[in-house]
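Raw contents of model.txt, compact mmCIF, C-alpha atoms:
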# COMPACT_ATOMS: atom_id res chain seq x y z
CA MET A 148 29.72 34.84 -47.56
CA PRO A 149 29.32 38.08 -45.56
CA GLU A 150 25.83 37.33 -44.27
CA GLN A 151 26.81 33.84 -43.14
CA CYS A 152 29.94 35.25 -41.52
CA ASP A 153 27.81 37.65 -39.52
CA HIS A 154 25.58 34.79 -38.33
CA LEU A 155 28.63 32.70 -37.45
CA ARG A 156 30.32 35.53 -35.57
CA HIS A 157 27.14 36.24 -33.62
CA ASP A 158 26.56 32.58 -32.71
CA LEU A 159 30.15 32.01 -31.63
CA THR A 160 30.34 35.21 -29.59
CA ALA A 161 27.03 34.51 -27.86
CA LEU A 162 28.05 30.95 -26.98
CA TYR A 163 31.48 32.06 -25.71
CA ALA A 164 29.86 34.71 -23.49
CA PHE A 165 27.27 32.19 -22.25
CA ILE A 166 29.95 29.75 -21.11
CA GLU A 167 31.98 32.52 -19.47
CA SER A 168 28.95 33.72 -17.52
CA ILE A 169 28.37 30.21 -16.15
CA VAL A 170 31.91 29.58 -14.90
CA ASP A 171 32.78 33.15 -13.89
CA GLY A 172 31.63 32.55 -10.32
CA ILE A 173 33.91 29.53 -9.94
CA GLU A 174 36.99 31.42 -11.06
CA SER A 175 36.25 34.44 -8.86
CA ARG A 176 34.96 32.61 -5.77
CA ARG A 177 35.97 34.15 -2.48
CA SER A 178 39.28 33.03 -1.01
CA SER A 179 37.61 32.02 2.27
CA ALA A 180 35.51 29.36 0.52
CA ALA A 181 36.83 25.84 1.04
CA TYR A 182 35.54 22.67 -0.60
CA GLY A 183 35.90 18.96 -0.09
CA GLN A 184 37.96 16.88 -2.48
CA ALA A 185 34.93 15.70 -4.47
CA ALA A 186 33.55 19.23 -4.88
CA VAL A 187 36.95 20.47 -6.07
CA LEU A 188 37.04 17.59 -8.58
CA PHE A 189 33.63 18.54 -9.96
CA LEU A 190 34.31 22.30 -10.12
CA ASN A 191 37.71 21.73 -11.77
CA TYR A 192 36.01 19.45 -14.31
CA VAL A 193 33.63 22.30 -15.15
CA LEU A 194 36.53 24.76 -15.55
CA ASP A 195 38.51 22.37 -17.76
CA LEU A 196 35.39 21.72 -19.82
CA ALA A 197 34.81 25.46 -20.24
CA SER A 198 38.41 25.99 -21.33
CA GLY A 199 38.11 23.26 -23.95
CA CYS A 200 34.82 24.63 -25.27
CA LYS A 201 36.09 28.22 -25.46
CA ARG A 202 39.25 27.06 -27.23
CA HIS A 203 37.07 25.16 -29.73
CA ILE A 204 34.97 28.29 -30.34
CA VAL A 205 38.04 30.49 -30.93
CA GLU A 206 39.41 27.99 -33.46
CA TRP A 207 36.03 27.34 -35.11
CA SER A 208 35.99 28.01 -38.86
CA VAL A 209 34.16 26.81 -41.96
CA ALA A 210 35.15 26.68 -45.61
CA ASP A 211 31.79 27.44 -47.23
CA ASP A 212 28.04 27.88 -46.72
CA GLU A 213 27.35 24.16 -46.80
CA GLU A 214 29.87 23.38 -44.03
CA PHE A 215 28.50 26.30 -42.04
CA GLU A 216 24.98 24.85 -42.08
CA ASP A 217 26.25 21.34 -41.33
CA ARG A 218 28.27 22.40 -38.30
CA ARG A 219 26.02 25.12 -36.93
CA GLU A 220 24.00 22.46 -35.11
CA ASP A 221 27.12 21.65 -33.06
CA LEU A 222 26.91 25.06 -31.43
CA GLY A 223 23.32 24.39 -30.40
CA THR A 224 24.34 21.03 -28.93
CA ILE A 225 27.13 22.63 -26.89
CA ARG A 226 24.76 25.31 -25.58
CA ALA A 227 22.10 22.75 -24.66
CA ALA A 228 24.67 20.63 -22.79
CA TRP A 229 25.84 23.66 -20.80
CA LYS A 230 22.23 24.39 -19.90
CA GLU A 231 22.08 20.93 -18.31
CA LEU A 232 25.21 21.58 -16.26
CA HIS A 233 24.09 25.10 -15.41
CA LYS A 234 21.58 23.96 -12.78
CA LEU A 235 24.32 22.18 -10.78
CA ILE A 236 27.27 24.56 -10.94
CA LYS A 237 26.10 27.49 -8.79
CA PRO A 238 24.49 25.19 -6.16
CA ALA A 239 27.76 23.21 -5.93
CA GLN A 240 29.74 26.42 -5.64
CA ASP A 241 27.47 27.66 -2.84
CA ALA A 242 27.94 24.43 -0.87
CA ASP A 243 31.37 25.19 0.58
CA THR A 244 32.51 23.60 3.83
CA LEU A 245 31.06 26.46 5.88
CA GLN A 246 27.60 25.85 4.41
CA VAL A 247 27.34 22.06 4.47
CA PRO A 248 27.74 19.46 7.26
CA SER A 249 31.14 18.32 6.01
CA ALA A 250 32.06 16.27 9.08
CA VAL A 251 28.79 14.30 9.02
CA VAL A 252 28.91 13.65 5.30
CA ASP A 253 32.62 12.76 5.30
CA GLY A 254 31.94 10.17 8.00
CA ILE A 255 29.12 8.62 5.97
CA VAL A 256 31.29 8.62 2.84
CA ARG A 257 34.07 6.80 4.70
CA ARG A 258 31.62 4.05 5.61
CA PHE A 259 30.40 3.91 2.01
CA LYS A 260 33.98 3.42 0.82
CA ASP A 261 34.29 0.36 3.02
CA LEU A 262 31.79 -1.44 0.76
CA PRO A 263 33.24 -3.78 -1.89
CA GLY A 264 33.99 -1.96 -5.12
CA CYS A 265 33.33 1.47 -3.63
CA GLU A 266 36.84 2.32 -2.44
CA ASN A 267 37.32 5.12 -4.98
CA THR A 268 33.82 6.60 -4.87
CA ASP A 269 33.33 10.13 -3.61
CA PHE A 270 30.36 12.51 -3.38
CA ALA A 271 30.19 16.24 -4.03
CA LEU A 272 27.38 18.19 -2.37
CA PHE A 273 25.27 20.96 -3.82
CA HIS A 274 22.46 23.06 -2.38
CA THR A 275 18.87 22.65 -3.50
CA SER A 276 15.91 24.93 -2.88
CA GLU A 277 13.64 21.90 -2.53
CA PHE A 278 13.09 20.54 0.98
CA ASN A 279 14.36 17.18 -0.12
CA TYR A 280 17.64 15.33 -0.49
CA VAL A 281 18.39 14.29 -4.07
CA GLN A 282 20.97 12.27 -5.95
CA VAL A 283 21.83 13.28 -9.50
CA ARG A 284 21.92 10.41 -11.95
CA THR A 285 25.55 10.28 -12.97
CA ALA A 286 24.51 8.34 -16.07
CA ASP A 287 22.69 11.49 -17.20
CA LEU A 288 25.80 13.60 -16.56
CA ARG A 289 27.94 11.17 -18.50
CA ARG A 290 25.54 11.47 -21.44
CA VAL A 291 25.90 15.25 -21.27
CA ALA A 292 29.70 14.88 -21.14
CA ALA A 293 29.57 12.55 -24.16
CA LYS A 294 27.77 15.26 -26.17
CA PHE A 295 30.71 17.59 -25.57
CA ARG A 296 33.28 14.94 -26.49
CA ASN A 297 31.44 13.98 -29.68
CA ILE A 298 32.10 17.52 -30.89
CA ILE A 299 35.29 18.40 -28.98
CA PRO A 300 37.29 15.19 -28.41
CA ASP A 301 39.95 16.80 -26.19
CA VAL A 302 37.61 18.03 -23.44
CA PRO A 303 37.74 15.99 -20.21
CA GLU A 304 35.51 13.03 -19.44
CA PHE A 305 33.18 13.26 -16.47
CA PRO A 306 35.15 12.12 -13.38
CA ALA A 307 34.87 8.42 -12.68
CA ASP A 308 33.33 7.27 -9.36
CA LEU A 309 31.91 10.72 -8.60
CA GLY A 310 28.38 11.14 -7.26
CA LEU A 311 26.49 14.40 -6.70
CA ILE A 312 24.05 14.79 -3.84
CA GLY A 313 21.80 17.77 -3.19
CA ILE A 314 20.84 18.84 0.32
CA PRO A 315 18.32 21.56 1.27
CA TYR A 316 20.22 24.80 1.76
CA SER A 317 18.42 25.23 5.09
CA GLN A 318 19.69 21.96 6.57
CA GLY A 319 23.41 22.68 6.90
CA ARG A 320 23.47 22.58 10.71
CA THR A 321 20.87 19.94 11.51
CA ALA A 322 22.04 16.79 13.26
CA PHE A 323 20.03 13.76 12.21
CA ALA A 324 18.35 15.10 9.05
CA ASN A 325 21.62 15.08 7.13
CA CYS A 326 21.87 11.34 7.69
CA LEU A 327 19.40 11.19 4.78
CA VAL A 328 22.48 11.60 2.61
CA ALA A 329 22.94 7.85 3.15
CA HIS A 330 19.62 7.26 1.36
CA GLU A 331 20.88 9.19 -1.68
CA MET A 332 24.07 7.15 -1.66
CA GLY A 333 21.79 4.14 -1.83
CA HIS A 334 20.40 5.45 -5.14
CA TYR A 335 23.94 5.78 -6.47
CA LYS A 336 24.71 2.21 -5.44
CA TYR A 337 21.39 0.73 -6.61
CA ARG A 338 21.50 1.94 -10.19
CA GLY A 339 23.44 -0.46 -12.34
CA MET A 340 23.47 -3.26 -9.75
CA THR A 341 22.17 -6.73 -10.54
CA ILE A 342 19.40 -6.23 -8.00
CA GLU A 343 17.97 -3.34 -10.06
CA SER A 344 17.52 -5.44 -13.20
CA THR A 345 16.31 -8.43 -11.15
CA ILE A 346 13.58 -6.44 -9.41
CA LYS A 347 12.45 -4.83 -12.67
CA THR A 348 12.20 -8.25 -14.31
CA ARG A 349 10.18 -9.70 -11.44
CA ILE A 350 7.79 -6.75 -11.38
CA ASN A 351 7.20 -6.97 -15.13
CA THR A 352 6.62 -10.72 -14.87
CA ALA A 353 4.15 -10.27 -12.00
CA PHE A 354 2.09 -7.73 -13.94
CA LYS A 355 1.85 -10.01 -16.98
CA SER A 356 -0.51 -12.20 -14.95
CA MET A 357 -2.97 -9.34 -14.47
CA PRO A 358 -6.32 -9.55 -16.33
CA GLU A 359 -6.01 -8.58 -19.97
CA ASP A 360 -8.95 -6.16 -19.73
CA ILE A 361 -6.87 -3.77 -17.62
CA ASP A 362 -5.80 -0.76 -19.63
CA GLN A 363 -2.16 -1.11 -20.73
CA THR A 364 -1.45 2.55 -19.92
CA GLN A 365 -2.68 2.00 -16.37
CA LYS A 366 -0.66 -1.19 -16.10
CA ASP A 367 2.50 0.59 -17.28
CA ALA A 368 1.92 3.35 -14.71
CA LEU A 369 1.56 0.76 -11.93
CA ILE A 370 4.75 -1.03 -13.03
CA LYS A 371 6.66 2.26 -12.99
CA GLN A 372 5.32 3.22 -9.57
CA LEU A 373 6.09 -0.14 -8.00
CA THR A 374 9.59 -0.09 -9.49
CA LEU A 375 10.20 3.33 -7.96
CA TRP A 376 8.89 2.18 -4.57
CA ALA A 377 11.19 -0.86 -4.67
CA GLU A 378 14.18 1.42 -5.22
CA GLU A 379 13.12 3.74 -2.38
CA ILE A 380 12.73 0.82 0.03
CA PHE A 381 16.16 -0.48 -0.97
CA CYS A 382 17.66 2.95 -0.25
CA ASP A 383 16.00 3.14 3.17
CA LEU A 384 17.38 -0.28 4.08
CA PHE A 385 20.74 0.74 2.67
CA GLY A 386 20.74 3.85 4.87
CA VAL A 387 20.02 1.82 8.00
CA MET A 388 22.71 -0.68 7.04
CA LEU A 389 25.25 2.06 6.40
CA ILE A 390 24.84 4.24 9.49
CA GLY A 391 22.44 2.45 11.84
CA PRO A 392 19.48 3.77 13.87
CA CYS A 393 20.42 7.44 13.47
CA TYR A 394 19.18 7.13 9.88
CA THR A 395 15.64 6.40 11.08
CA TYR A 396 15.84 9.35 13.46
CA ALA A 397 16.53 11.55 10.46
CA TYR A 398 12.93 11.29 9.31
CA ILE A 399 11.67 12.31 12.73
CA GLU A 400 13.72 15.51 12.52
CA ALA A 401 13.36 16.29 8.83
CA TYR A 402 9.63 15.70 8.64
CA ASP A 403 8.68 16.71 12.17
CA LEU A 404 7.26 13.29 13.01
CA SER A 405 7.42 14.09 16.71
CA VAL A 406 3.97 15.66 16.28
CA VAL A 407 2.46 12.15 16.21
CA LEU A 408 3.40 11.67 19.87
CA ASP A 409 0.98 12.38 22.69
CA SER A 410 1.78 14.12 25.98
CA LYS A 411 3.21 10.85 27.37
CA GLY A 412 5.61 10.36 24.47
CA LEU A 413 3.57 7.53 22.96
CA ILE A 414 2.37 7.31 19.36
CA SER A 415 -1.07 8.82 18.98
CA GLU A 416 -3.11 6.89 16.42
CA GLU A 417 -5.35 9.91 15.95
CA ARG A 418 -2.36 12.00 14.88
CA LEU A 419 -0.58 9.22 13.04
CA LEU A 420 -3.33 7.95 10.75
CA PRO A 421 -3.66 11.09 8.58
CA ARG A 422 0.07 10.87 7.85
CA LEU A 423 -0.28 7.28 6.62
CA GLN A 424 -2.82 8.12 3.95
CA PHE A 425 -1.75 7.68 0.34
CA TYR A 426 -2.46 10.48 -2.12
CA ARG A 427 -2.39 11.02 -5.83
CA SER A 428 1.02 12.27 -6.93
CA GLU A 429 -0.47 15.33 -8.66
CA GLU A 430 -2.13 16.35 -5.38
CA ARG A 431 1.05 16.14 -3.33
CA ARG A 432 2.05 19.25 -1.48
CA VAL A 433 5.44 19.77 0.21

Could you rewrite the structure in this file as structure tokens?
Amino acid sequence: MPEQCDHLRHDLTALYAFIESIVDGIESRRSSAAYGQAAVLFLNYVLDLASGCKRHIVEWSVADDEEFEDRREDLGTIRAAWKELHKLIKPAQDADTLQVPSAVVDGIVRRFKDLPGCENTDFALFHTSEFNYVQVRTADLRRVAAKFRNIIPDVPEFPADLGLIGIPYSQGRTAFANCLVAHEMGHYKYRGMTIESTIKTRINTAFKSMPEDIDQTQKDALIKQLTLWAEEIFCDLFGVMLIGPCYTYAYIEAYDLSVVLDSKGLISEERLLPRLQFYRSEERRV
């Protein structure tokens, strides 16, 4: 099957080169770059995963045309899964201890580990170009990892009790703003807790009592929005609980809320009111 062999050789070579290009920066990172334990765990997971995938590609073979067509989809699945990881690897590599507020974050993580059931949890940081702090859904990463293992059983599982938090690359040296990391830890804690399912159930029950003439699409959108707001409020309260008043100061620094003060240091209603207006999500501007 010469033509099929050519296709197979091309697909395997392209996939091998794609994986190498993604992890090359990790293997050749400068010697001066240092990372926290969680970041090392994540980057080593990526390297081990790459090794397993490349080994699978080298050993990949088919007996006939039919097996070739059946298994060719596996290569597309592996490539698609690496595309998902791709957006996290370079940002995590860039977030070495010289570029992120390690001392602040480590202190917050230590407090997080004092919570029941969180003793083994750790968080790796990565840089984001967005002026926002984000927490990656580890459930999504575990689904990506499962796609690899469904095809290559001997590749590593995604590390247990590992969270990934993105911070704006510009905020490495700010004092209070990085306390917003506690909010993102709240998202990690919230998802999968009993309170998450309880709140969702109560919101759905409450909306069932709405008039039946309300469009179901609109009702579903309202349920989704309220559910998201409930999670955000939980995370704000979680942040205050975890690190105290300095969490609330973070918003003053990160979002320049000091502009609502007048010359006497008091809140100016004239300046405050425009910032309290709600807006349609599609009109939001950062």

- Item | Residues near Glu304 in chain A, cut-off 8 Å, all atoms listed in the file, skip fewer than 5 positions along chain, as a ChimeraX atom specification | /A:289,292-293,296

Okay, now the selection with C-alpha atoms, as an mmCIF file, keeping the file's coordinate frame?
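For reference, selection07.cif as written:
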data_model
loop_
_atom_site.group_PDB
_atom_site.id
_atom_site.type_symbol
_atom_site.label_atom_id
_atom_site.label_comp_id
_atom_site.auth_asym_id
_atom_site.auth_seq_id
_atom_site.Cartn_x
_atom_site.Cartn_y
_atom_site.Cartn_z
ATOM 1 C CA ARG A 289 27.940 11.170 -18.500
ATOM 2 C CA ALA A 292 29.700 14.880 -21.140
ATOM 3 C CA ALA A 293 29.570 12.550 -24.160
ATOM 4 C CA ARG A 296 33.280 14.940 -26.490
#

Considering all atoms listed in the file, tabulate each residue of range 207-322 of chain A that lies at most 12 Å from range 337-349 of chain A along with its nearest interatomic pair and the corresponding distance in Å to one decimal; arrange the rows by chain and ascending residue number and present them as CSV.
residue,atom,partner,partner_atom,distance
A:Gly264,CA,A:Met340,CA,11.6
A:Gln282,CA,A:Arg338,CA,11.2
A:Val283,CA,A:Arg338,CA,11.4
A:Arg284,CA,A:Arg338,CA,8.7
A:Thr285,CA,A:Arg338,CA,9.7
A:Ala286,CA,A:Arg338,CA,9.2
A:Asp287,CA,A:Arg338,CA,11.9
A:Gly310,CA,A:Arg338,CA,11.9

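The two atoms in question, CA of Cys393 in chain A and CA of Pro238 in chain A, are spaced 26.8 Å apart.
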
- Task: Do a neighbour search on Asp383 in chain A at 9 Å with only C-alpha atoms, toss out local chain neighbours closer than 2 positions, and write the hits as a PyMOL selection string.
- Result: chain A and resi 327+329-330+333+378-381+385-388+394-395

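CA of Asn325 in chain A sits 10.0 Å away from CA of Ile255 in chain A.
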
Using 3 Å of padding on each side, determine the axis-aligned box around all atoms of range 235-245 of chain A present in the file and give its centre and edge lengths in Å to one decimal, as AutoDock Vina command-line options.
--center_x 28.4 --center_y 24.9 --center_z -2.5 --size_x 14.2 --size_y 11.5 --size_z 22.8

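Our summary of the geometry notes that CA of Asp367 in chain A is positioned 9.0 Å from CA of Phe354 in chain A.
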
- Task: Pick out the closest residue to Trp229 in chain A from this set: A:Asp409, A:Glu167, A:Asp243, A:Glu213. Count all atoms listed in the file.
- Result: A:Glu167
